[in-house]
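> Next comes the structure file entry_10.cif, holding mmCIF, C-alpha atoms.
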data_input
loop_
_atom_site.label_atom_id
_atom_site.label_comp_id
_atom_site.auth_asym_id
_atom_site.auth_seq_id
_atom_site.Cartn_x
_atom_site.Cartn_y
_atom_site.Cartn_z
CA ASN A 256 0.00 0.00 0.00
CA SER A 257 3.04 2.30 -0.11
CA ASP A 258 3.32 5.11 -2.67
CA ALA A 259 6.17 3.24 -4.35
CA ALA A 260 4.07 0.10 -4.67
CA GLN A 261 1.12 2.03 -6.07
CA ASN A 262 3.36 3.79 -8.58
CA HIS A 263 4.81 0.47 -9.65
CA GLU A 264 1.32 -1.02 -10.05
CA ALA A 265 0.30 1.99 -12.15
CA ALA A 266 3.34 1.56 -14.40
CA LEU A 267 2.51 -2.12 -14.93
CA ALA A 268 -1.11 -1.26 -15.73
CA SER A 269 0.02 1.38 -18.21
CA ALA A 270 2.16 -1.19 -20.05
CA ARG A 271 -0.80 -3.57 -20.28
CA LYS A 272 -3.04 -0.79 -21.59
CA ARG A 273 -0.59 -0.01 -24.39
CA VAL A 274 -0.64 -3.63 -25.51
CA THR A 275 -4.43 -3.78 -25.20
CA ARG A 276 -4.81 -0.66 -27.35
CA ALA A 277 -2.51 -2.14 -29.98
CA MET A 278 -4.54 -5.35 -30.06
CA ASN A 279 -7.82 -3.43 -30.27
CA THR A 280 -6.61 -1.42 -33.26
CA SER A 281 -5.34 -4.50 -35.09
CA ASP A 282 -7.47 -6.58 -37.44
CA MET A 283 -7.37 -9.49 -34.99
CA ASP A 284 -10.45 -10.60 -33.06
CA ILE A 285 -9.16 -10.44 -29.47
CA THR A 286 -10.95 -10.17 -26.12
CA VAL A 287 -9.03 -9.51 -22.89
CA GLU A 288 -10.38 -11.82 -20.19
CA ARG A 289 -8.03 -11.33 -17.23
CA GLU A 290 -5.09 -9.14 -16.25
CA TYR A 291 -2.21 -10.14 -13.96
CA SER A 292 0.26 -7.90 -12.17
CA ALA A 293 1.77 -9.82 -9.23
CA VAL A 294 3.25 -13.06 -10.54
CA ILE A 295 3.61 -11.67 -14.06
CA ASN A 296 2.66 -8.43 -15.80
CA GLY A 297 0.35 -9.77 -18.45
CA MET A 298 -3.12 -10.82 -19.46
CA SER A 299 -5.13 -13.72 -20.78
CA VAL A 300 -6.98 -13.13 -24.02
CA LEU A 301 -9.45 -15.00 -26.17
CA ALA A 302 -7.99 -15.04 -29.68
CA GLN A 303 -7.55 -17.17 -32.78
CA ALA A 304 -4.67 -19.64 -32.48
CA GLY A 305 -3.47 -18.50 -35.88
CA ASP A 306 -2.84 -15.00 -34.51
CA LEU A 307 -0.33 -16.21 -31.90
CA GLU A 308 2.75 -15.23 -33.89
CA ALA A 309 1.37 -11.77 -34.62
CA ILE A 310 0.66 -11.25 -30.91
CA GLN A 311 4.18 -12.41 -30.01
CA GLU A 312 5.65 -9.79 -32.37
CA MET A 313 3.67 -6.85 -30.98
CA ASP A 314 5.54 -4.04 -29.22
CA GLY A 315 5.45 -4.52 -25.47
CA VAL A 316 4.88 -8.28 -25.65
CA LYS A 317 7.77 -10.31 -24.26
CA GLU A 318 6.07 -13.69 -24.68
CA ALA A 319 2.70 -15.16 -25.60
CA PHE A 320 1.56 -18.77 -25.45
CA ILE A 321 -1.57 -20.87 -25.71
CA ALA A 322 -2.96 -21.81 -22.30
CA GLU A 323 -2.08 -25.37 -21.37
CA LYS A 324 -4.59 -27.77 -19.85
CA TYR A 325 -3.38 -29.93 -16.96
CA ALA A 326 -5.33 -33.15 -16.56
CA LEU A 327 -6.86 -34.13 -13.24
CA ILE A 328 -5.06 -37.19 -11.94
CA GLU A 329 -6.86 -40.51 -12.11
CA PRO A 330 -8.12 -41.87 -8.76
CA VAL A 331 -5.88 -44.51 -7.24
CA ALA A 332 -7.20 -47.98 -6.45
CA TYR A 333 -6.41 -47.46 -2.76
CA ASP A 334 -8.36 -44.55 -1.28
CA PRO A 335 -6.12 -43.15 1.47
CA GLN A 336 -7.72 -41.48 4.49
CA LEU A 337 -6.54 -38.23 6.03
CA THR A 338 -5.57 -40.05 9.20
CA ASP A 339 -3.11 -42.08 7.10
CA SER A 340 -1.94 -39.29 4.80
CA VAL A 341 -0.63 -36.89 7.45
CA PRO A 342 1.89 -39.43 8.86
CA ALA A 343 2.75 -40.47 5.29
CA VAL A 344 4.19 -37.00 4.58
CA GLY A 345 5.92 -36.75 7.95
CA GLY A 346 3.20 -34.56 9.44
CA ASN A 347 3.20 -36.45 12.70
CA ILE A 348 6.87 -35.58 13.13
CA ALA A 349 6.24 -31.92 12.32
CA GLN A 350 3.50 -31.85 14.93
CA THR A 351 6.04 -32.63 17.68
CA THR A 352 7.99 -29.40 16.97
CA GLY A 353 5.37 -27.13 18.48
CA TYR A 354 4.76 -25.24 15.25
CA THR A 355 1.06 -25.22 14.37
CA GLY A 356 0.84 -22.71 11.53
CA LYS A 357 -0.51 -20.08 13.92
CA GLY A 358 -0.86 -16.68 12.28
CA THR A 359 -0.26 -17.96 8.75
CA VAL A 360 -2.35 -18.45 5.62
CA VAL A 361 -1.87 -21.23 3.05
CA ALA A 362 -3.38 -20.92 -0.43
CA ILE A 363 -4.60 -24.24 -1.83
CA LEU A 364 -4.87 -24.28 -5.64
CA ASP A 365 -6.73 -27.49 -6.36
CA THR A 366 -10.20 -28.94 -6.94
CA GLY A 367 -11.94 -27.03 -4.15
CA LEU A 368 -13.08 -27.96 -0.66
CA ASP A 369 -15.97 -29.68 1.06
CA LEU A 370 -16.70 -26.82 3.46
CA SER A 371 -18.90 -29.03 5.64
CA HIS A 372 -16.15 -31.62 6.22
CA LYS A 373 -15.52 -32.23 9.91
CA ALA A 374 -11.77 -31.83 9.40
CA PHE A 375 -12.18 -28.05 9.06
CA GLN A 376 -14.60 -27.24 11.88
CA GLY A 377 -12.17 -26.78 14.78
CA ALA A 378 -11.10 -23.48 16.32
CA VAL A 379 -8.20 -21.53 14.77
CA ASN A 380 -5.74 -20.04 17.25
CA SER A 381 -4.43 -16.54 16.43
CA ALA A 382 -6.00 -16.33 12.98
CA LYS A 383 -4.19 -13.94 10.63
CA TYR A 384 -7.34 -12.68 8.90
CA GLU A 385 -10.83 -11.72 9.96
CA GLU A 386 -13.54 -10.83 7.44
CA LYS A 387 -12.74 -7.12 7.82
CA ASP A 388 -9.13 -7.83 6.82
CA ILE A 389 -10.25 -9.59 3.64
CA ALA A 390 -12.53 -6.64 2.86
CA GLN A 391 -9.57 -4.27 3.18
CA LEU A 392 -7.36 -6.45 1.00
CA ILE A 393 -10.02 -6.56 -1.72
CA LEU A 394 -10.38 -2.79 -1.51
CA ASN A 395 -6.63 -2.12 -1.68
CA ASN A 396 -5.75 -4.57 -4.45
CA LYS A 397 -6.79 -5.15 -8.03
CA LEU A 398 -7.72 -8.82 -7.80
CA THR A 399 -8.45 -10.85 -10.92
CA ILE A 400 -11.93 -11.61 -9.51
CA GLY A 401 -12.83 -7.93 -9.26
CA LYS A 402 -14.28 -6.11 -6.25
CA LEU A 403 -16.46 -8.83 -4.73
CA ALA A 404 -17.86 -8.23 -1.25
CA ALA A 405 -15.80 -9.90 1.48
CA SER A 406 -18.96 -11.67 2.66
CA ALA A 407 -19.07 -13.52 -0.68
CA VAL A 408 -15.63 -15.11 -0.26
CA TYR A 409 -15.09 -15.24 3.53
CA ARG A 410 -16.43 -18.56 4.83
CA SER A 411 -15.04 -19.00 8.33
CA ASP A 412 -12.04 -18.43 10.57
CA LYS A 413 -10.54 -21.52 8.93
CA VAL A 414 -11.35 -20.48 5.34
CA PRO A 415 -11.10 -16.68 5.07
CA PHE A 416 -11.18 -16.78 1.26
CA ALA A 417 -12.80 -19.19 -1.17
CA TYR A 418 -13.31 -18.71 -4.92
CA ASP A 419 -13.80 -20.94 -7.95
CA TYR A 420 -11.50 -19.51 -10.64
CA ALA A 421 -12.46 -22.14 -13.19
CA ASP A 422 -16.21 -21.49 -13.04
CA ALA A 423 -16.02 -17.83 -11.95
CA ASP A 424 -18.22 -18.21 -8.88
CA THR A 425 -17.89 -18.49 -5.11
CA ASN A 426 -18.93 -22.16 -4.84
CA VAL A 427 -15.78 -24.16 -4.12
CA SER A 428 -17.64 -27.37 -3.25
CA GLY A 429 -18.90 -30.02 -5.64
CA GLY A 430 -15.69 -30.88 -7.45
CA ASP A 431 -13.31 -33.80 -7.10
CA SER A 432 -12.30 -34.59 -3.51
CA HIS A 433 -8.55 -34.19 -4.16
CA GLY A 434 -8.56 -30.56 -2.98
CA THR A 435 -10.27 -31.47 0.28
CA HIS A 436 -7.70 -34.19 0.88
CA VAL A 437 -4.77 -31.84 0.22
CA ALA A 438 -6.28 -29.10 2.40
CA GLY A 439 -6.73 -31.66 5.17
CA ILE A 440 -3.11 -32.74 5.05
CA VAL A 441 -2.06 -29.10 5.28
CA GLY A 442 -4.40 -27.79 7.95
CA ALA A 443 -7.11 -30.13 9.22
CA ASN A 444 -8.23 -29.13 12.73
CA SER A 445 -11.24 -31.24 13.61
CA GLY A 446 -10.60 -31.00 17.31
CA GLY A 447 -8.82 -34.32 17.77
CA VAL A 448 -10.20 -36.63 15.09
CA VAL A 449 -7.92 -35.39 12.29
CA THR A 450 -5.00 -33.00 12.68
CA GLY A 451 -3.07 -31.66 9.72
CA VAL A 452 0.54 -30.55 9.52
CA ALA A 453 -0.44 -26.96 10.43
CA PRO A 454 -3.84 -27.10 12.19
CA ASP A 455 -3.85 -23.40 13.08
CA ALA A 456 -3.11 -22.21 9.53
CA GLN A 457 -5.95 -20.53 7.68
CA LEU A 458 -6.73 -21.85 4.20
CA MET A 459 -7.43 -19.83 1.08
CA ILE A 460 -9.32 -22.19 -1.19
CA MET A 461 -8.61 -21.32 -4.81
CA LYS A 462 -10.45 -23.79 -7.01
CA VAL A 463 -8.80 -24.09 -10.43
CA PHE A 464 -10.48 -27.29 -11.65
CA GLY A 465 -14.02 -26.74 -12.92
CA ASP A 466 -17.00 -28.65 -11.55
CA ASN A 467 -17.43 -30.51 -14.84
CA SER A 468 -13.88 -30.36 -16.14
CA ASP A 469 -11.13 -32.95 -16.12
CA GLY A 470 -8.39 -30.36 -16.16
CA ALA A 471 -7.11 -26.95 -15.07
CA TYR A 472 -5.90 -24.20 -17.40
CA ASP A 473 -2.95 -21.84 -17.20
CA ASP A 474 -5.09 -18.69 -17.17
CA ASP A 475 -7.11 -19.84 -14.16
CA ILE A 476 -4.00 -21.00 -12.31
CA LEU A 477 -2.22 -17.68 -12.98
CA ALA A 478 -5.28 -15.78 -11.74
CA ALA A 479 -5.31 -17.74 -8.50
CA LEU A 480 -1.57 -17.30 -8.02
CA ASP A 481 -1.82 -13.57 -8.69
CA ASP A 482 -4.58 -13.13 -6.13
CA ALA A 483 -2.84 -15.36 -3.58
CA VAL A 484 0.18 -13.04 -3.65
CA LYS A 485 -1.97 -9.90 -3.39
CA LEU A 486 -3.99 -11.38 -0.53
CA GLY A 487 -0.82 -12.07 1.43
CA ALA A 488 -0.72 -15.85 1.44
CA ASP A 489 2.34 -17.05 3.35
CA VAL A 490 2.48 -20.36 1.49
CA ILE A 491 1.06 -21.35 -1.90
#
Just give me the structure as structure tokens.

Amino acid sequence: NSDAAQNHEAALASARKRVTRAMNTSDMDITVEREYSAVINGMSVLAQAGDLEAIQEMDGVKEAFIAEKYALIEPVAYDPQLTDSVPAVGGNIAQTTGYTGKGTVVAILDTGLDLSHKAFQGAVNSAKYEEKDIAQLILNNKLTIGKLAASAVYRSDKVPFAYDYADADTNVSGGDSHGTHVAGIVGANSGGVVTGVAPDAQLMIMKVFGDNSDGAYDDDILAALDDAVKLGADVI
């Protein structure tokens, strides 16, 4: 929020606007869908694949590529439970150190989260963010999701931010269970039944696999990464 940071953000935005103007005055059919400024200074556009080389050669464009799709992994024959998975990654050893993730936020870019799961209903000690903090972060930053009300994305002390980047909505449930499993390994805090590696860490749930999709795309992943940085995630 410093003057230097705001000036830098303005300079990045100005560079994107110059490229956008050049695209709009070309004979190419291009629609800007998202803009990024934290992990990269760039944008995702809807364009004809045949125009890729012309876009790459435009002034102000360092690189352009077609968004890759990353397939959702196939389910394994053995369905591991959270109680088994935490020790499998050494979480039980980490739990003996006294570090609980207190005061930190972890962004989970995956298939979403079952918000009603018992593994995420326990109390969070020394939470980093309250709903008012998320509201301030949305106000102070240009997120890729726009200026949504904090009440639309804040779900609980455990999940202070939840958004479906693939489907462009705030429903992070209903997808494959992989994201719930990963979030549980990281920060389950059911009050004794299941304990993750960092039970006091808050979780930002950034769903990048669509409800009816078997893959995640670069543009959605970049949007989630960009917002995770702007929202102050300690771990992604």
> Report as a CSV table (one decimal) with C-alpha atoms, in the coordinates of the input the full result of the PyMOL selection byres ((chain A and resi 297) around 10) when it is applied to this structure.

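See part02.csv below for the written result:
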chain,number,residue,atom,x,y,z
A,267,LEU,CA,2.5,-2.1,-14.9
A,268,ALA,CA,-1.1,-1.3,-15.7
A,270,ALA,CA,2.2,-1.2,-20.0
A,271,ARG,CA,-0.8,-3.6,-20.3
A,274,VAL,CA,-0.6,-3.6,-25.5
A,289,ARG,CA,-8.0,-11.3,-17.2
A,290,GLU,CA,-5.1,-9.1,-16.2
A,291,TYR,CA,-2.2,-10.1,-14.0
A,292,SER,CA,0.3,-7.9,-12.2
A,293,ALA,CA,1.8,-9.8,-9.2
A,294,VAL,CA,3.2,-13.1,-10.5
A,295,ILE,CA,3.6,-11.7,-14.1
A,296,ASN,CA,2.7,-8.4,-15.8
A,298,MET,CA,-3.1,-10.8,-19.5
A,299,SER,CA,-5.1,-13.7,-20.8
A,300,VAL,CA,-7.0,-13.1,-24.0
A,316,VAL,CA,4.9,-8.3,-25.6
A,317,LYS,CA,7.8,-10.3,-24.3
A,318,GLU,CA,6.1,-13.7,-24.7
A,319,ALA,CA,2.7,-15.2,-25.6
A,477,LEU,CA,-2.2,-17.7,-13.0
> Given only C-alpha atoms as the basis, pick out the residue of A:Ala421, A:Val441, A:Ala322, A:Leu392 nearest to Ala483 in chain A.
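Going through A:Ala421, A:Val441, A:Ala322, A:Leu392 one by one, the smallest distance to Ala483 in chain A is for A:Leu392.
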> Mind telling me what the PyMOL selection byres ((chain A and resi 391) around 12) catches here, as a PyMOL selection string?
chain A and resi 256+384-390+392-397+402-406+485-487
> Would you compute the distance between CA of Val448 in chain A and CA of Asn380 in chain A? Give it in Å to one decimal.
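Between CA of Val448 in chain A and CA of Asn380 in chain A the gap is 17.3 Å.
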> Any chance you could resolve the PyMOL selection byres ((chain A and resi 275) around 10) against this file and give the residues as a ChimeraX atom specification?
/A:269-274,276-281,285-287,298,300,315
